[in-house]
Every structure is written in structure tokens, then in C-alpha cells.
Amino acid sequence: MTHASLSAPSGLLRRTLGEQRIGLVAWRLLVLQTAHPAVAAGTARYSTYRAHPWRRIQHTMDSGTRLFFAGPEDREREAARLARTHRRIRGTDNAGRPYTAEDPEVRAWVMVTLYEAMTAMRDLSGDPLTAAELDALYAEFKEVCAALDIPGESLPPTAADVPAYVDRTVREVLECGEQVRYLLFDMLREAPAPRRLGRLRPLWPLLRAVAARTLTALTVADLPPAWHERFGTPRTRSAAALSWAVHRGMRQVMTRLPDRVRYRHHSDDGSGARPARQGRPRRAFPAPRLPRPRTADSRPARLEAFFRQVLDQTGNGRVDSADLQAMVHNVCWQLELPAEREDVLYAAFETWWRHLCTGTDADGDGAVDCAEFVTAMLTGLDRDPDYLEKGLAPAMRALFRAADTDGSGHLCADEYRTLFGGKRIHPAELNHGFRQLDADGDGRVAEAEFVAAFTDFFTARTDSAAGTALLGRP
């Protein structure tokens, strides 16, 4: 690959957003977005960032790549996918206020914070954009907003109007609630080790503590003055010094690096798009790591692992319909299903949830904890031979048909890996699970074999049944 093929992204927006140092203001961006009451409510109800923070961040980065760095067709597909996702995010928050992710004012705020983060990156580094550059950047930014069908009247008219819009929203709309405090002070302190940490993984507890303290101090220091005035988070001298050193130091370093290092995305055809990276697919359906059973009946251990690592998508120790919707969202994201096929999958998982809740929610609070899930599942499985057929099996059939992207009626090894694979799961484990399901050795898994494997996973009392290896070796 020649150096020319790794040139800087074309367009001011792509160059600014594509710089590696944009990551320095990413947490600040998340805090400002989440502080909007509607975003906080939707995050608390539907987001998987507590249980799967790195996956959630990766999804956000992938979405941004499609919106800002890909061609018109990819941008249009991503805008349609986001629209389908957002129409399902609605409800009432703890204060009784209705919210919806389709609210144009909310969508406008989320997008404007991204524009504001780009300008803040330059301001904090001591190299602010000129008035002409701000106008050019905002014009490109509004093109993306138009592709997302955000009404122009919901956005500040010009770049010069953005600071007043942000200041007014911070002072009159934003709230420093539980979700914001979790982002600022707790999330990194609890986050699991990133998959790419490699040999440094044993050092993660120490690295996490240092990173959390540094990022919290940097983020608080970098928030707008209106934030500090409203929520009483003073910008201490030490934090201000840290911000000055980090932002200006990174600017000095990055501007001296070649484009292939300085930018996360490069242009090879003037479009700003980078060819899709080939490699092992990320899993759409999260796979549990199963503890070895200590009793003759291995079902309780598998059920508990399934609850904690698969069902509890929001990471709060309880499962409700939002968790199952999050599971479907991850499948739809990876497979890029059309709207009508998404609807079928969501409906099947909602049916599973209703059956699960009816037989499992012992205290009637609309959610299921791990003890309720394990107890009720074991009781249902032992009492009713058709227990799984009334909820889980129809959902798994719908999942199979969604994963069968070529409509062949079978899953090939590649389709199986797309559904269950990921960097946390070794390819050998996936291959082992696939071979266990492929009883006749023809290199394909039929729908009946797929559903039977899930049945084995939940019903087998030992780990010798083929279905217990569905997601890897037990």
C-alpha cells in the first residue's frame, strides 16, 4: 500500500473527526449527551453499556464510520438502521416524563454535541478553528443531520449560534443524574478488560484504576463553564493543568506524525471511506463462559451463566423486556436485517419475554433476577416437557432464520461464526460447537438441529450432550 492510499480524510469534518485525539473529548461528549433527561432515561432502560461497555463503544464507532466516512449508500443504510432502532426507544422516566428517541429536539442535541466536541478538541489544544473553518465544518455537519432527517429548525442556524445553544441547553435542560455520575465516576472503575489488551490483561485492575482517575479528572476539567456553574463541579488547578498538558501535548505529537498514524480513517478514492476491514466477525449473540459444574446436575451453573452473560444485557442484575430487545438489537446490527425481518425477530423475542416473565417473575415487579430465573426455569423444565416450546424455541427459530442470510434453510460455518463468534471466543471453540451440532458432518446445521441444541443447553443434566457445546466447550 502506498503512502498516497493513506492520505488524510478529505473534507474538514472528516479530518477533524478522524484524528486520533478526538478520543480525548469522547467521554466529555458522552457526558453531555447522557445529561439530557430523555437520553438518560433511554440509556437506563435500553443501553447495554454497563454490562458490555466496549461492545457498546465499538457499535457507536462503527455507526459513526458509516455516517461520516462511508459513501452515500452506506450512510443511507445506517440512517435507516438508526431510525428503526430509535423508534423502539420510548417510555416514561422515573419522574413521570415521557421520552422518545425520535424526538427531533433530543436527536438535534445528540448530534450538536458531536459537532461541539470537534470544536472543543481544537479549542482545548490551543489551535481553535477560524470563523471560516467553523462555517465550513458546520455546513458539512448539517449535511449528515439532513441525511438523518433531523429538522433544520431543531438545529442552531449557523456555527456562530452553536455556543449559545449549548450554553442554554446546559443551563436549562441538562441534569447531572445517576447515569451521568456513573459515566463520570464509576464506569471505568468497573469495566472488564478490553479484548485487545493481550498480554497486559493481568495488569488491567491497576491500569483501570489509573485510567479511571485520569479520565474523570480530564473530563470534568473539559466540560463547558456553564456545566461547572450549574452543577458545582469546579475546575481545579490540577485538573486544568492536566487538561492543558494532555491536549496541547497530543496536538504537538499528532501534527508531527504521518497521516497513516494520525488519522483513524483514510482516503484512497477521495470519498473519505476506508475499505472494510476483513477478519473474524464480532459476535451478534453474546456467548457465556460456563463454569465447570460442581454437582451432578450441571443445569444450574449453565442457567446462571446464561442469565449473567447473555440475558442481563443492561448489567443491572435484573432482566426485563429491554434486555431481550438489546439482544435482538445486537443481532440486527451484525446481520443488517431489513425492517420487516427485524420486526419478526423482535416479536419472537417479545413472546419469549412474556412467557419467561409469566413463569418466572415471582414477585410481580415486571423484572426477573438471577435466582428467580434459575428456580423457575428448573421448575418449568421438570414439570412441563413443552416448556421451552412455548417461549424459547420460537425465538430461536426466528434467530436461526435471521442468521440464515442466504435463505438456504441451513447455517454454514461462516453464518454460525457471525452469530456466535467474537474475539473472546477462540475459533477452535466455535469450530467445536459447530461440529457438535453438525451431526451428519455435511458442513451445515439445519433449523431443527439448531433448536435442539438450545434445548440440550437448557435441559441436559450433564455436559456430554451436544447442545452444551453450542457456544464452545463447557
# chains A, B, ... in the order shown; residues from 1 in each chain; ligands from 1

call {"tool": "residues_around", "arguments": {"residues": "Leu148 in chain A", "least_positions_apart": "5", "cutoff": "9 Å", "atoms": "only C-alpha atoms", "output": "ChimeraX atom specification"}}
result
/A:75-76,78-80,82-83,143

call {"tool": "residues_around", "arguments": {"residues": "range 335-345 of chain A", "least_positions_apart": "6", "cutoff": "10 Å", "atoms": "only C-alpha atoms", "output": "PyMOL selection string"}}
result
chain A and resi 77-78+80-81+84-85+284+325+328-329+351+394-405+415+418-419

call {"tool": "residues_around", "arguments": {"residues": "range 19-30 of chain A", "least_positions_apart": "5", "cutoff": "7 Å", "atoms": "only C-alpha atoms", "output": "list in words"}}
result
Thr113, Leu114, Ala117, Met121, Thr219, Leu223, Met250, Arg262, Tyr263 and Arg264 of chain A

call {"tool": "write_last_selection", "arguments": {"atoms": "C-alpha atoms", "output": "CSV table (one decimal), in the first residue's frame"}}
result
chain,number,residue,atom,x,y,z
A,113,THR,CA,-22.7,17.7,21.0
A,114,LEU,CA,-20.6,15.8,18.4
A,117,ALA,CA,-16.8,18.1,20.7
A,121,MET,CA,-10.9,19.5,20.7
A,219,THR,CA,-13.4,15.1,31.5
A,223,LEU,CA,-16.8,20.3,30.5
A,250,MET,CA,-1.2,15.5,22.0
A,262,ARG,CA,-2.6,10.5,12.9
A,263,TYR,CA,-6.0,9.5,11.4
A,264,ARG,CA,-8.2,6.6,12.2

call {"tool": "residues_around", "arguments": {"residues": "Thr92 in chain A", "least_positions_apart": "4", "cutoff": "12 Å", "atoms": "only C-alpha atoms", "output": "list of chain:residue names"}}
result
A:Pro37, A:Ala38, A:Val39, A:Ala40, A:Ala41, A:Gly42, A:Ala44, A:Arg45, A:Gly96, A:Arg97, A:Pro98, A:Tyr99, A:Thr100, A:Ala101

call {"tool": "atom_distance", "arguments": {"atom1": "CA of Gly198 in chain A", "atom2": "CA of Ala413 in chain A"}}
result
26.4 Å

call {"tool": "atom_distance", "arguments": {"atom1": "CA of Arg318 in chain A", "atom2": "CA of Ala367 in chain A"}}
result
6.2 Å

call {"tool": "atom_distance", "arguments": {"atom1": "CA of Pro53 in chain A", "atom2": "CA of Ala348 in chain A"}}
result
26.2 Å

call {"tool": "residues_around", "arguments": {"residues": "Ala120 in chain A", "least_positions_apart": "5", "cutoff": "9 Å", "atoms": "only C-alpha atoms", "output": "NGL selection string"}}
result
:A and (25 or 115 or 125 or 128 or 222)

call {"tool": "write_last_selection", "arguments": {"atoms": "N, CA, C and O atoms", "output": "PDB file, in the first residue's frame"}}
result
ATOM      1  N   VAL A  25     -11.818  13.862  23.869  1.00  0.00           N
ATOM      2  CA  VAL A  25     -13.063  14.532  24.252  1.00  0.00           C
ATOM      3  C   VAL A  25     -14.270  13.604  24.119  1.00  0.00           C
ATOM      4  O   VAL A  25     -15.414  14.046  24.255  1.00  0.00           O
ATOM      5  N   TYR A 115     -20.642  17.838  17.050  1.00  0.00           N
ATOM      6  CA  TYR A 115     -20.006  18.998  16.414  1.00  0.00           C
ATOM      7  C   TYR A 115     -19.234  19.804  17.459  1.00  0.00           C
ATOM      8  O   TYR A 115     -18.086  20.209  17.245  1.00  0.00           O
ATOM      9  N   SER A 125      -6.776  22.415  22.622  1.00  0.00           N
ATOM     10  CA  SER A 125      -5.388  22.195  22.213  1.00  0.00           C
ATOM     11  C   SER A 125      -4.667  23.495  21.877  1.00  0.00           C
ATOM     12  O   SER A 125      -3.495  23.475  21.491  1.00  0.00           O
ATOM     13  N   PRO A 128      -7.667  26.853  17.922  1.00  0.00           N
ATOM     14  CA  PRO A 128      -9.092  26.927  17.572  1.00  0.00           C
ATOM     15  C   PRO A 128      -9.309  27.132  16.084  1.00  0.00           C
ATOM     16  O   PRO A 128      -8.468  27.693  15.378  1.00  0.00           O
ATOM     17  N   ASP A 222     -12.718  19.507  31.327  1.00  0.00           N
ATOM     18  CA  ASP A 222     -13.013  19.942  29.965  1.00  0.00           C
ATOM     19  C   ASP A 222     -14.479  20.300  29.726  1.00  0.00           C
ATOM     20  O   ASP A 222     -14.821  20.821  28.657  1.00  0.00           O
TER      21      ASP A 222
END

call {"tool": "select_by_dssp", "arguments": {"residues": "range 11-237 of chain A", "states": "strand (DSSP E)", "output": "ChimeraX atom specification"}}
result
/A:90-92,98-100

call {"tool": "write_last_selection", "arguments": {"atoms": "C-alpha atoms", "output": "mmCIF file, in the first residue's frame"}}
result
data_model
loop_
_atom_site.group_PDB
_atom_site.id
_atom_site.type_symbol
_atom_site.label_atom_id
_atom_site.label_comp_id
_atom_site.auth_asym_id
_atom_site.auth_seq_id
_atom_site.Cartn_x
_atom_site.Cartn_y
_atom_site.Cartn_z
ATOM 1 C CA ARG A 90 -39.623 5.234 24.274
ATOM 2 C CA GLY A 91 -41.242 5.234 27.669
ATOM 3 C CA THR A 92 -41.617 7.239 30.871
ATOM 4 C CA PRO A 98 -42.477 10.673 28.636
ATOM 5 C CA TYR A 99 -39.475 10.319 26.338
ATOM 6 C CA THR A 100 -38.763 9.015 22.875
#

call {"tool": "closest_residue", "arguments": {"among": "A:Arg66, A:Lys142, A:Arg302, A:His355", "to": "Asp320 in chain A", "atoms": "only C-alpha atoms"}}
result
A:His355

call {"tool": "decode", "arguments": {"residues": "range 216-258 of chain A", "atoms": "C-alpha atoms", "output": "tab-separated table (two decimals), in the first residue's frame"}}
result
chain	number	residue	atom	x	y	z
A	216	THR	CA	-12.52	11.55	35.25
A	217	ALA	CA	-10.27	14.49	36.09
A	218	LEU	CA	-9.74	15.32	32.40
A	219	THR	CA	-13.44	15.05	31.53
A	220	VAL	CA	-14.62	17.20	34.44
A	221	ALA	CA	-11.98	19.83	33.63
A	222	ASP	CA	-13.01	19.94	29.96
A	223	LEU	CA	-16.78	20.35	30.48
A	224	PRO	CA	-18.21	23.74	29.48
A	225	PRO	CA	-18.16	26.59	32.05
A	226	ALA	CA	-21.96	26.53	32.21
A	227	TRP	CA	-21.76	22.94	33.46
A	228	HIS	CA	-19.47	23.87	36.33
A	229	GLU	CA	-21.67	26.79	37.28
A	230	ARG	CA	-24.89	24.79	37.25
A	231	PHE	CA	-23.75	21.53	38.82
A	232	GLY	CA	-20.99	22.74	41.11
A	233	THR	CA	-18.11	20.74	39.64
A	234	PRO	CA	-15.19	23.18	39.94
A	235	ARG	CA	-12.31	23.04	37.50
A	236	THR	CA	-9.44	22.60	39.94
A	237	ARG	CA	-5.95	23.88	39.20
A	238	SER	CA	-4.52	20.38	38.99
A	239	ALA	CA	-7.26	19.26	36.58
A	240	ALA	CA	-6.80	22.39	34.49
A	241	ALA	CA	-3.06	21.71	34.31
A	242	LEU	CA	-3.73	18.11	33.30
A	243	SER	CA	-6.08	19.27	30.53
A	244	TRP	CA	-3.57	21.83	29.26
A	245	ALA	CA	-0.73	19.33	29.19
A	246	VAL	CA	-2.70	16.47	27.62
A	247	HIS	CA	-4.45	18.41	24.86
A	248	ARG	CA	-1.53	20.59	23.85
A	249	GLY	CA	0.93	17.75	24.16
A	250	MET	CA	-1.18	15.48	21.96
A	251	ARG	CA	-1.54	18.26	19.41
A	252	GLN	CA	2.23	18.66	19.21
A	253	VAL	CA	2.70	14.91	18.83
A	254	MET	CA	-0.13	14.22	16.39
A	255	THR	CA	0.60	17.05	14.00
A	256	ARG	CA	4.11	15.65	13.54
A	257	LEU	CA	3.01	12.10	12.79
A	258	PRO	CA	2.33	10.74	9.28
